[in-house]
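One file, upload-v2.txt, carrying compact mmCIF, C-alpha atoms and all ligand atoms:
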```txt
# COMPACT_ATOMS: atom_id res chain seq x y z
CA MET G 28 8.90 8.67 22.61
CA SER G 29 5.80 6.45 22.46
CA GLY G 30 5.27 3.07 24.05
CA PHE G 31 6.93 1.58 27.12
CA THR G 32 10.55 2.58 27.70
CA TYR G 33 12.88 3.05 30.65
CA GLN G 34 13.71 6.69 31.25
CA SER G 35 16.06 7.55 34.13
CA GLY G 36 15.67 3.98 35.38
CA VAL G 37 11.86 4.04 35.58
CA LEU G 38 9.47 2.45 33.10
CA HIS G 39 7.39 5.09 31.34
CA ALA G 40 4.35 4.98 29.09
CA ASP G 41 5.19 7.72 26.59
CA ALA G 42 6.49 10.46 28.96
CA VAL G 43 4.62 9.39 32.11
CA PRO G 44 6.38 7.27 34.78
CA LEU G 45 4.35 4.20 35.73
CA THR G 46 5.30 4.84 39.37
CA ALA G 47 3.27 8.07 39.26
CA ILE G 48 0.24 6.28 37.82
CA ALA G 49 0.47 3.44 40.37
CA ASP G 50 0.71 5.97 43.23
CA ALA G 51 -2.26 7.98 42.01
CA VAL G 52 -4.57 5.23 40.71
CA GLY G 53 -3.44 2.15 42.61
CA THR G 54 -2.85 -1.31 41.20
CA PRO G 55 -3.64 -3.44 39.26
CA THR G 56 -4.11 -0.88 36.48
CA TYR G 57 -3.96 -1.13 32.72
CA VAL G 58 -1.96 1.66 31.11
CA TYR G 59 -2.19 2.42 27.39
CA SER G 60 0.16 4.50 25.27
CA GLY G 61 -1.98 6.82 23.18
CA GLY G 62 1.09 7.69 21.13
CA LEU G 63 1.76 4.09 20.17
CA ILE G 64 -1.89 3.32 19.32
CA ARG G 65 -1.99 6.36 17.02
CA GLU G 66 1.37 5.56 15.41
CA THR G 67 0.36 1.93 14.81
CA TYR G 68 -3.00 2.90 13.34
CA ARG G 69 -1.37 5.38 10.96
CA GLY G 70 1.19 2.77 9.90
CA PHE G 71 -1.55 0.28 9.11
CA ALA G 72 -3.81 2.74 7.29
CA ASN G 73 -0.93 4.27 5.30
CA ALA G 74 0.18 0.82 4.14
CA PHE G 75 -2.93 0.80 1.93
CA ALA G 76 -2.51 4.33 0.59
CA GLY G 77 -3.60 4.51 -3.01
CA ARG G 78 -6.42 2.02 -2.48
CA ASP G 79 -9.93 2.76 -1.28
CA ALA G 80 -9.61 1.19 2.16
CA LEU G 81 -11.63 1.20 5.39
CA VAL G 82 -9.98 0.02 8.61
CA CYS G 83 -12.66 -1.25 11.00
CA TYR G 84 -11.00 -1.68 14.39
CA ALA G 85 -12.10 -4.94 16.09
CA VAL G 86 -13.74 -3.50 19.18
CA LYS G 87 -13.52 -6.76 21.11
CA ALA G 88 -9.75 -6.36 21.49
CA ASN G 89 -10.11 -3.30 23.71
CA SER G 90 -13.51 -1.70 23.91
CA ASN G 91 -12.74 1.20 26.24
CA LEU G 92 -14.53 4.30 24.92
CA ALA G 93 -11.38 6.39 25.13
CA VAL G 94 -9.50 3.90 22.94
CA LEU G 95 -12.42 3.78 20.48
CA GLY G 96 -12.60 7.57 20.47
CA LEU G 97 -8.89 7.91 19.74
CA LEU G 98 -9.06 5.43 16.85
CA GLY G 99 -12.31 6.91 15.56
CA ARG G 100 -10.73 10.38 15.40
CA GLU G 101 -7.90 8.82 13.36
CA GLY G 102 -10.53 7.68 10.86
CA ALA G 103 -11.13 4.10 11.97
CA GLY G 104 -14.47 2.36 11.63
CA ALA G 105 -15.49 -0.50 13.92
CA ASP G 106 -15.89 -4.24 13.62
CA CYS G 107 -18.41 -5.32 16.24
CA VAL G 108 -19.70 -8.69 17.42
CA SER G 109 -22.65 -7.62 19.57
CA ILE G 110 -25.10 -4.75 19.63
CA GLY G 111 -23.32 -3.68 22.81
CA GLU G 112 -20.13 -3.18 20.82
CA VAL G 113 -22.08 -1.36 18.07
CA LYS G 114 -23.50 1.00 20.71
CA ARG G 115 -20.05 1.53 22.22
CA ALA G 116 -18.64 2.43 18.79
CA VAL G 117 -21.47 4.92 18.18
CA ALA G 118 -21.04 6.36 21.70
CA ALA G 119 -17.35 6.86 20.91
CA GLY G 120 -18.26 8.94 17.86
CA ILE G 121 -17.66 6.36 15.11
CA ALA G 122 -20.05 6.96 12.20
CA PRO G 123 -22.61 4.14 11.72
CA ASN G 124 -21.65 3.91 8.04
CA LYS G 125 -18.21 2.69 9.13
CA ILE G 126 -19.56 -0.07 11.40
CA VAL G 127 -19.59 -3.78 10.54
CA PHE G 128 -21.56 -6.28 12.61
CA ALA G 129 -20.17 -9.85 12.66
CA GLY G 130 -20.80 -12.78 15.02
CA VAL G 131 -22.50 -16.18 14.72
CA ALA G 132 -25.53 -15.60 16.95
CA LYS G 133 -27.03 -12.19 16.17
CA SER G 134 -30.46 -12.04 17.81
CA ALA G 135 -33.53 -10.51 16.17
CA THR G 136 -33.36 -7.65 18.66
CA GLU G 137 -29.72 -6.99 17.81
CA ILE G 138 -30.41 -7.05 14.06
CA ALA G 139 -33.33 -4.62 14.38
CA ALA G 140 -31.27 -2.29 16.57
CA ALA G 141 -28.36 -2.33 14.11
CA LEU G 142 -30.74 -1.53 11.24
CA GLU G 143 -32.18 1.32 13.29
CA ILE G 144 -28.66 2.69 13.85
CA GLY G 145 -27.92 2.34 10.14
CA ILE G 146 -24.68 0.35 10.16
CA LEU G 147 -22.66 -0.24 6.99
CA GLN G 148 -22.80 -4.02 6.78
CA PHE G 149 -23.77 -7.29 8.46
CA ASN G 150 -21.17 -10.05 8.09
CA VAL G 151 -23.45 -13.06 7.84
CA GLU G 152 -22.33 -16.39 9.25
CA SER G 153 -25.21 -18.77 8.35
CA VAL G 154 -28.22 -19.16 6.05
CA PRO G 155 -30.81 -18.85 8.86
CA GLU G 156 -29.14 -15.61 9.92
CA LEU G 157 -29.34 -14.32 6.33
CA GLU G 158 -33.04 -15.14 6.23
CA ARG G 159 -33.63 -13.51 9.62
CA ILE G 160 -31.90 -10.29 8.51
CA SER G 161 -33.93 -10.32 5.30
CA ALA G 162 -37.23 -10.73 7.15
CA ILE G 163 -36.45 -8.00 9.69
CA ALA G 164 -35.08 -5.53 7.13
CA ALA G 165 -38.00 -6.12 4.74
CA ALA G 166 -40.54 -5.66 7.54
CA ARG G 167 -38.86 -2.34 8.40
CA GLY G 168 -38.77 -1.30 4.73
CA GLN G 169 -34.95 -1.23 4.78
CA LEU G 170 -32.22 -2.71 2.64
CA ALA G 171 -29.53 -4.43 4.71
CA GLU G 172 -26.10 -4.51 3.10
CA ILE G 173 -24.46 -7.83 3.81
CA ALA G 174 -21.28 -9.79 3.29
CA ILE G 175 -21.18 -13.54 3.58
CA ARG G 176 -18.30 -14.38 5.90
CA VAL G 177 -16.66 -17.18 3.98
CA ASN G 178 -14.73 -19.95 5.69
CA PRO G 179 -11.87 -20.46 3.22
CA ASP G 180 -10.56 -23.63 4.92
CA VAL G 181 -7.08 -22.31 5.54
CA ASP G 182 -4.87 -23.25 8.47
CA ALA G 183 -3.78 -19.95 10.02
CA GLY G 184 -0.95 -21.66 11.92
CA THR G 185 -2.03 -20.06 15.18
CA HIS G 186 -3.20 -21.35 18.58
CA ALA G 187 -6.04 -23.89 18.24
CA LYS G 188 -8.29 -21.75 20.45
CA ILE G 189 -8.03 -18.72 18.17
CA THR G 190 -8.16 -20.23 14.68
CA THR G 191 -11.41 -19.59 12.84
CA GLY G 192 -10.96 -20.22 9.11
CA LYS G 193 -10.58 -24.01 9.01
CA LYS G 194 -13.40 -26.34 7.92
CA GLY G 195 -15.22 -27.49 11.01
CA ASN G 196 -14.93 -24.14 12.83
CA LYS G 197 -18.26 -22.62 13.82
CA PHE G 198 -17.47 -19.42 11.91
CA GLY G 199 -18.60 -18.40 8.45
CA ILE G 200 -20.04 -20.32 5.52
CA ASP G 201 -17.95 -22.96 3.77
CA LEU G 202 -16.38 -21.71 0.54
CA ASP G 203 -18.02 -24.46 -1.53
CA GLN G 204 -21.46 -23.29 -0.36
CA ALA G 205 -20.81 -19.56 -0.72
CA ALA G 206 -21.90 -19.01 -4.35
CA GLY G 207 -25.15 -20.84 -3.66
CA VAL G 208 -25.82 -18.69 -0.60
CA TYR G 209 -25.23 -15.49 -2.63
CA ALA G 210 -27.70 -16.81 -5.25
CA HIS G 211 -30.19 -17.40 -2.44
CA ALA G 212 -29.51 -13.92 -1.02
CA ALA G 213 -30.35 -12.38 -4.39
CA THR G 214 -33.87 -13.85 -4.12
CA LEU G 215 -34.50 -12.43 -0.64
CA PRO G 216 -36.16 -9.08 0.05
CA GLY G 217 -34.40 -6.50 2.20
CA ILE G 218 -30.91 -7.76 1.34
CA ARG G 219 -28.15 -6.34 -0.80
CA ALA G 220 -25.05 -8.54 -1.11
CA ALA G 221 -22.50 -5.71 -1.24
CA ALA G 222 -19.43 -7.52 0.05
CA VAL G 223 -17.52 -10.71 0.69
CA ALA G 224 -15.69 -11.27 3.97
CA MET G 225 -13.27 -13.56 5.74
CA HIS G 226 -11.45 -13.77 9.06
CA ILE G 227 -9.22 -16.81 9.48
CA GLY G 228 -7.94 -16.41 13.02
CA SER G 229 -5.93 -14.26 15.35
CA GLN G 230 -2.24 -13.70 16.18
CA ILE G 231 -1.15 -14.80 12.69
CA THR G 232 2.53 -14.07 12.23
CA THR G 233 3.17 -14.94 8.57
CA VAL G 234 1.67 -13.61 5.35
CA GLU G 235 1.09 -17.01 3.71
CA PRO G 236 -2.22 -18.01 5.36
CA PHE G 237 -3.69 -14.59 4.56
CA GLU G 238 -2.58 -14.94 0.95
CA ALA G 239 -4.04 -18.43 0.57
CA ALA G 240 -7.39 -17.32 2.01
CA LEU G 241 -7.58 -13.96 0.24
CA THR G 242 -6.79 -15.56 -3.11
CA ARG G 243 -9.85 -17.78 -2.68
CA LEU G 244 -11.99 -14.87 -1.51
CA VAL G 245 -11.02 -12.64 -4.44
CA ALA G 246 -11.78 -15.47 -6.90
CA LEU G 247 -15.21 -15.79 -5.30
CA ALA G 248 -15.78 -12.02 -5.47
CA GLN G 249 -14.94 -12.01 -9.17
CA GLU G 250 -17.20 -14.98 -9.83
CA LEU G 251 -20.04 -13.21 -7.99
CA ILE G 252 -19.51 -9.92 -9.84
CA ALA G 253 -19.54 -11.83 -13.16
CA ALA G 254 -22.82 -13.41 -12.08
CA GLY G 255 -24.32 -9.95 -11.52
CA HIS G 256 -24.11 -9.63 -7.72
CA PRO G 257 -23.48 -6.05 -6.52
CA VAL G 258 -20.23 -6.91 -4.67
CA SER G 259 -18.20 -3.73 -4.22
CA ARG G 260 -16.26 -4.44 -1.01
CA ILE G 261 -13.83 -7.16 0.08
CA ASP G 262 -13.43 -7.50 3.85
CA CYS G 263 -10.02 -9.06 4.51
CA GLY G 264 -10.73 -9.58 8.24
CA GLY G 265 -8.25 -9.11 11.06
CA GLY G 266 -5.73 -11.44 12.64
CA VAL G 267 -2.43 -9.68 12.01
CA GLY G 268 -0.18 -10.76 14.87
CA ILE G 269 2.16 -8.84 17.17
CA PRO G 270 5.39 -9.71 19.01
CA TYR G 271 4.87 -10.93 22.58
CA ARG G 272 8.34 -12.27 23.23
CA GLY G 273 10.69 -10.21 21.11
CA GLU G 274 9.77 -12.25 18.00
CA ALA G 275 9.99 -10.59 14.61
CA PRO G 276 6.57 -8.99 14.05
CA ILE G 277 4.61 -9.77 10.92
CA ASP G 278 6.06 -7.87 7.98
CA LEU G 279 3.30 -5.28 7.49
CA PRO G 280 4.65 -3.89 4.20
CA ALA G 281 4.80 -7.47 2.86
CA TYR G 282 1.24 -8.11 4.07
CA ALA G 283 0.00 -4.89 2.44
CA ALA G 284 1.89 -5.61 -0.78
CA MET G 285 0.34 -9.08 -0.91
CA VAL G 286 -3.18 -7.69 -0.36
CA LYS G 287 -2.70 -5.09 -3.09
CA ARG G 288 -1.31 -7.70 -5.51
CA VAL G 289 -4.03 -10.30 -4.87
CA THR G 290 -6.80 -7.70 -5.14
CA ALA G 291 -5.27 -5.84 -8.11
CA GLY G 292 -8.11 -6.87 -10.43
CA PHE G 293 -10.77 -5.60 -7.98
CA ALA G 294 -11.68 -1.92 -8.17
CA GLY G 295 -13.87 -1.68 -5.05
CA THR G 296 -13.24 -0.97 -1.37
CA LEU G 297 -10.89 -3.05 0.77
CA MET G 298 -11.87 -3.50 4.39
CA PHE G 299 -9.76 -4.67 7.33
CA GLU G 300 -10.66 -5.68 10.88
CA PRO G 301 -7.45 -5.47 12.92
CA GLY G 302 -7.81 -5.62 16.69
CA ARG G 303 -4.71 -6.92 18.43
CA TYR G 304 -2.33 -5.32 15.92
CA LEU G 305 -3.56 -1.80 16.69
CA VAL G 306 -3.57 -1.95 20.49
CA GLY G 307 -1.78 -5.10 21.72
CA ASN G 308 1.72 -3.75 22.23
CA ALA G 309 0.39 -0.39 23.42
CA GLY G 310 -0.86 -1.65 26.80
CA ALA G 311 0.69 -2.90 30.04
CA LEU G 312 -0.84 -4.21 33.22
CA VAL G 313 0.87 -2.53 36.17
CA SER G 314 0.79 -4.61 39.33
CA ARG G 315 2.43 -4.63 42.74
CA VAL G 316 4.23 -7.55 44.34
CA GLU G 317 2.22 -8.33 47.48
CA TYR G 318 4.51 -11.04 48.78
CA VAL G 319 7.71 -12.79 47.90
CA LYS G 320 7.35 -16.37 49.07
CA GLN G 321 10.27 -18.76 49.23
CA GLY G 322 9.08 -22.38 48.88
CA SER G 323 11.34 -25.38 49.36
CA ASP G 324 12.04 -25.69 45.65
CA ARG G 325 10.93 -22.39 44.12
CA ARG G 326 10.39 -18.73 44.71
CA PHE G 327 7.06 -17.02 44.06
CA TYR G 328 6.32 -13.40 43.26
CA ILE G 329 2.70 -13.09 44.33
CA LEU G 330 1.08 -10.14 42.55
CA ASP G 331 -2.03 -8.11 43.27
CA ALA G 332 -3.13 -8.83 39.66
CA GLY G 333 -4.79 -12.13 38.90
CA MET G 334 -6.17 -14.23 36.06
CA ASN G 335 -9.42 -12.32 36.49
CA ASP G 336 -7.54 -9.19 35.36
CA LEU G 337 -5.54 -10.88 32.57
CA ILE G 338 -6.67 -14.34 31.54
CA ARG G 339 -4.51 -14.92 28.46
CA PRO G 340 -1.71 -16.90 30.21
CA ALA G 341 -4.25 -19.18 31.92
CA MET G 342 -6.46 -19.57 28.86
CA TYR G 343 -3.93 -19.95 26.04
CA GLU G 344 -0.65 -20.48 27.90
CA ALA G 345 0.19 -17.09 26.39
CA TRP G 346 3.57 -15.53 27.09
CA HIS G 347 3.70 -11.92 28.28
CA ASP G 348 7.01 -10.26 29.12
CA ILE G 349 7.08 -9.18 32.77
CA ILE G 350 9.53 -6.49 33.76
CA PRO G 351 10.18 -4.41 36.89
CA VAL G 352 8.99 -0.80 36.79
CA ARG G 353 12.26 0.29 38.43
CA GLN G 354 15.12 -0.84 36.25
CA THR G 355 17.73 -2.96 37.98
CA ALA G 356 21.07 -4.44 37.01
CA ASP G 357 20.74 -7.25 39.57
CA ALA G 358 21.12 -10.75 38.12
CA PRO G 359 17.84 -12.50 37.33
CA ALA G 360 16.88 -15.89 38.79
CA PRO G 361 13.93 -18.15 37.95
CA VAL G 362 10.68 -17.47 39.82
CA ASP G 363 6.99 -18.25 39.39
CA VAL G 364 4.94 -15.07 38.93
CA VAL G 365 1.45 -15.77 40.25
CA GLY G 366 -1.76 -13.99 41.17
CA PRO G 367 -4.21 -14.17 44.05
CA ILE G 368 -7.05 -16.18 42.48
CA CYS G 369 -7.82 -19.56 44.01
CA GLU G 370 -7.02 -21.51 40.84
CA SER G 371 -3.75 -23.26 40.04
CA SER G 372 -3.93 -21.65 36.59
CA CYS G 373 -3.73 -18.17 38.10
CA ILE G 374 -0.10 -17.94 37.08
CA PHE G 375 1.52 -15.46 34.70
CA ALA G 376 4.91 -17.12 34.28
CA LYS G 377 6.68 -20.25 35.47
CA ASP G 378 10.43 -20.48 36.08
CA ARG G 379 10.80 -17.02 34.54
CA PRO G 380 14.18 -15.33 35.07
CA MET G 381 13.32 -12.21 37.06
CA PRO G 382 15.47 -9.73 38.99
CA PRO G 383 15.28 -9.77 42.78
CA LEU G 384 12.15 -7.95 43.96
CA VAL G 385 10.64 -7.28 47.36
CA ASP G 386 7.13 -6.74 48.67
CA GLY G 387 5.69 -3.51 47.31
CA ASP G 388 7.77 -3.40 44.13
CA LEU G 389 5.94 -2.61 40.91
CA ILE G 390 6.07 -4.77 37.82
CA ALA G 391 4.58 -4.35 34.33
CA ILE G 392 3.07 -7.18 32.31
CA LEU G 393 3.63 -6.09 28.72
CA SER G 394 1.67 -6.46 25.47
CA ALA G 395 -1.56 -6.28 27.44
CA GLY G 396 -3.43 -3.77 25.29
CA ALA G 397 -5.56 -6.39 23.48
CA TYR G 398 -7.84 -9.10 24.89
CA SER G 399 -6.71 -8.16 28.36
CA ALA G 400 -8.89 -5.55 30.12
CA ALA G 401 -11.63 -6.56 27.66
CA MET G 402 -11.58 -10.13 29.02
CA ALA G 403 -11.31 -9.20 32.71
CA SER G 404 -13.90 -10.49 35.16
CA SER G 405 -14.71 -9.99 38.81
CA TYR G 406 -14.14 -13.67 39.70
CA ASN G 407 -13.36 -14.06 43.42
CA THR G 408 -15.33 -10.83 43.92
CA ARG G 409 -12.47 -8.66 42.85
CA ALA G 410 -12.93 -5.19 41.43
CA LEU G 411 -12.24 -4.85 37.72
CA PRO G 412 -8.84 -3.28 37.06
CA ALA G 413 -8.64 0.46 36.46
CA GLU G 414 -7.53 1.73 33.03
CA VAL G 415 -5.40 4.76 32.19
CA LEU G 416 -4.62 6.37 28.84
CA VAL G 417 -1.40 8.33 28.43
CA GLU G 418 -0.94 11.16 25.94
CA GLY G 419 2.59 12.57 25.97
CA ASP G 420 3.29 13.71 29.53
CA ARG G 421 -0.36 13.59 30.64
CA TYR G 422 -2.64 10.76 31.64
CA ALA G 423 -6.37 10.21 32.14
CA VAL G 424 -8.19 7.55 34.12
CA ILE G 425 -10.43 6.07 31.42
CA LYS G 426 -12.00 3.46 33.66
CA ALA G 427 -12.14 4.06 37.36
CA ARG G 428 -11.77 1.31 39.92
CA ARG G 429 -15.22 0.74 41.41
CA SER G 430 -15.98 -0.07 44.99
CA LEU G 431 -16.35 -3.76 45.77
CA GLU G 432 -19.89 -3.13 46.99
CA ASP G 433 -20.78 -2.07 43.44
CA LEU G 434 -20.10 -5.64 42.38
CA PHE G 435 -23.08 -6.97 44.30
CA ALA G 436 -25.29 -3.89 44.51
CA ASP G 437 -27.90 -5.51 42.22
CA GLU G 438 -28.06 -8.78 44.19
CA SER G 439 -30.01 -9.59 47.32
CA PRO G 440 -29.79 -12.33 49.95
CA THR G 441 -33.60 -12.26 50.09
CA PRO G 442 -34.83 -12.11 46.48
CA ALA G 443 -38.37 -10.98 45.68
CA PHE G 444 -39.93 -14.03 43.97
CA ALA G 445 -42.71 -13.36 41.47
CA PRO G 446 -45.49 -15.79 40.59
CA LEU G 447 -45.46 -17.13 36.99
CA GLY G 448 -47.26 -14.86 34.57
CA SER G 449 -46.90 -11.73 36.68
C1 LIG D 1 -14.59 -11.47 12.74
C2 LIG D 1 -13.38 -10.97 13.43
N1 LIG D 1 -12.76 -9.88 12.95
C3 LIG D 1 -11.65 -9.38 13.54
C4 LIG D 1 -11.11 -9.97 14.66
C5 LIG D 1 -9.89 -9.33 15.25
O1 LIG D 1 -8.84 -10.21 15.32
P1 LIG D 1 -7.40 -9.66 15.68
O2 LIG D 1 -7.48 -9.01 16.99
O3 LIG D 1 -6.57 -10.88 15.70
O4 LIG D 1 -7.00 -8.72 14.60
C6 LIG D 1 -11.71 -11.12 15.20
C7 LIG D 1 -11.09 -11.84 16.33
O5 LIG D 1 -10.33 -12.79 16.09
C8 LIG D 1 -12.87 -11.63 14.57
O6 LIG D 1 -13.49 -12.70 15.06
N1 LIG D 2 -8.96 -13.58 22.93
C1 LIG D 2 -7.90 -14.08 22.07
C2 LIG D 2 -8.10 -13.75 20.65
C3 LIG D 2 -9.41 -14.12 20.12
C4 LIG D 2 -9.74 -13.23 19.02
C5 LIG D 2 -11.21 -12.99 18.90
N2 LIG D 2 -11.81 -13.75 17.82
C6 LIG D 2 -6.55 -13.70 22.64
O1 LIG D 2 -6.48 -13.20 23.72
O2 LIG D 2 -5.54 -13.92 22.03
```

Let's see the structure in the file written out as structure tokens.
Ligand SMILES: Cc1ncc(COP(=O)(O)O)c(C=O)c1O
Ligand SMILES: N[C@@H](CCCC[NH3+])C(=O)O
Amino acid sequence: MSGFTYQSGVLHADAVPLTAIADAVGTPTYVYSGGLIRETYRGFANAFAGRDALVCYAVKANSNLAVLGLLGREGAGADCVSIGEVKRAVAAGIAPNKIVFAGVAKSATEIAAALEIGILQFNVESVPELERISAIAAARGQLAEIAIRVNPDVDAGTHAKITTGKKGNKFGIDLDQAAGVYAHAATLPGIRAAAVAMHIGSQITTVEPFEAALTRLVALAQELIAAGHPVSRIDCGGGVGIPYRGEAPIDLPAYAAMVKRVTAGFAGTLMFEPGRYLVGNAGALVSRVEYVKQGSDRRFYILDAGMNDLIRPAMYEAWHDIIPVRQTADAPAPVDVVGPICESSCIFAKDRPMPPLVDGDLIAILSAGAYSAAMASSYNTRALPAEVLVEGDRYAVIKARRSLEDLFADESPTPAFAPLGS
């Protein structure tokens, strides 16, 4: 069985009890179900069977090399937003010709390095970026394949902090300017406009916004092809949402059917950039209750995990289910589940019905496979959380907990100042 389930009263990832991982690795620790990641990837990829499709996993969601390696061996490419992510994808064994490089601020150094690596495509977000890629590619005697990331002006109906496809967002090039930018691209050396791209936001739970945006993108692609541009790929972006709170997940077959229908008149390659969908439900943050504190009007479960380990609740008021590792039938009562960081926003849940727990008990914060470890920091000089990948009844530590001294090993109380120009 893959994913997180109670077996004999103890929460397991696949066939490994989380108690065993906590004892061996300590807490807080992220645990990922290899079985569920694989199953979810196969479900997504198979939904487009019969079409030429390339699934480029959005590395930002969870960039651990072991996760990238697993997905790469399943056939995934990578959607990257920095040269660091491109290098991670390559280090994990993902072929450069399956790597897409997006992001609004690609530096000249990053562009040159990506050309050197030989990635598939740059997703271009502005005219000056297009011209910079052209100049660098031409100087290197290379042809850079590009997509213009189009902003289709569609409301994705998601959290304001994670919507990207509405006019006024910093992302992409407005749809009404896109044809002109492709015409400009055709005049530039070192550029081949091989694709069109979009990405309208994250955690989208209905098919409609995707359909509205993709319809506009496909119309643009057809207009460009008619005008003689060599467009042979449509990048549909990522953004497919997951359940966090027992909600009905997005209907993947309906999403895939919509994509196939809207792109029926297009014979080229379809590309996708799912991040959260592939890994989100396959991770949990395992933490220990340090203290149970009874205030005058509320009870606190104070965890050893903080907002530095998992920032989504503090940043987006995101809901994550929190459950005890040892199953209990005791009646739940409302508590605040909080972490150690000296910020009032270091809180995972407020007035959440939770079973009675005592100091030392283990809990699991669910749906923490995406944008969780990847967004962790060492704020308050705390070690980054460890990460563990489970495969069946085995597990591997895929990121070790470092010593606290490592956090400041490259700092000094007495810095060596250098004179200007040295
Ligand atoms: C360009 C691009 N592609 C793909 C993604 C992945 O999004 P998600 O994890 O929601 O699938 C993002 C993040 O929102 C993105 O900015
Ligand atoms: N970090 C966000 C998603 C942003 C997606 C990246 N463009 C989250 O945790 O939900």

All residues within 6 Å of ligand LIG 1 (chain D) are required, counting all atoms listed in the file; please report them as a list of chain:residue names.
-> G:Ala85, G:Ala88, G:Ala129, G:His226, G:Gly228, G:Ser229, G:Gln230, G:Gly264, G:Gly265, G:Gly266, G:Val267, G:Glu300, G:Pro301, G:Gly302, G:Arg303, G:Tyr304

Compute the set of protein, DNA and RNA residues whose minimum atom distance to ligand LIG 2 (chain D) is at most 10 Å, using all atoms listed in the file, and state it as a PyMOL selection string.
-> chain G and resi 85-88+108+130+185-186+188-191+198+226-230+265-266+268+302-303+307+337-340+342-343+345+395+397-399+401-402

Nearby residues (only C-alpha atoms) at most 10 Å from range 147-163 of chain G, same-chain spacing under 5 positions excluded, as a PyMOL selection string = chain G and resi 104-108+122-136+138-139+141-142+168-178+197-201+208-209+211-212+215-225+262

Write out as a ChimeraX atom specification each polymer residue whose atoms come within 9 Å of range 408-420 of chain G, counting all atoms listed in the file; drop sequence neighbours fewer than 4 positions from it.
-> /G:28-29,40-44,48,52-62,91,93-94,312,332,335-336,400,403-404,424-431,433-435

Atomic separation - CA of Asn308 in chain G relative to CA of Val82 in chain G, Å =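 Here the two named atoms are 18.3 Å from each other.
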
CA of Glu432 in chain G to CA of Gly111 in chain G: how many Å, to one decimal?
->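 These two atoms are separated by 24.4 Å.
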
Find, counting only C-alpha atoms, the residue in G:Ala183, G:Ala205, G:Ile329, G:Ala443 that gets nearest to Val385 in chain G.
->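 Smallest distance to Val385 in chain G is found for G:Ile329.
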
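For range 98-101 of chain G, the list of residues within 8 Å, based on only C-alpha atoms and with local chain neighbours fewer than 4 positions off taken out, reads Ile64, Arg65, Tyr68, Arg69, Tyr84, Val94, Ala119, Gly120 and Ile121 of chain G.
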
For C-alpha atoms, I'd like the residues from the last selection saved as a short mmCIF file (atom, residue, chain, number, x, y, z; two decimals), keeping the file's coordinate frame.
```cif
data_model
loop_
_atom_site.label_atom_id
_atom_site.label_comp_id
_atom_site.auth_asym_id
_atom_site.auth_seq_id
_atom_site.Cartn_x
_atom_site.Cartn_y
_atom_site.Cartn_z
CA ILE G 64 -1.89 3.32 19.32
CA ARG G 65 -1.99 6.36 17.02
CA TYR G 68 -3.00 2.90 13.34
CA ARG G 69 -1.37 5.38 10.96
CA TYR G 84 -11.00 -1.68 14.39
CA VAL G 94 -9.50 3.90 22.94
CA ALA G 119 -17.35 6.86 20.91
CA GLY G 120 -18.26 8.94 17.86
CA ILE G 121 -17.66 6.36 15.11
#
```
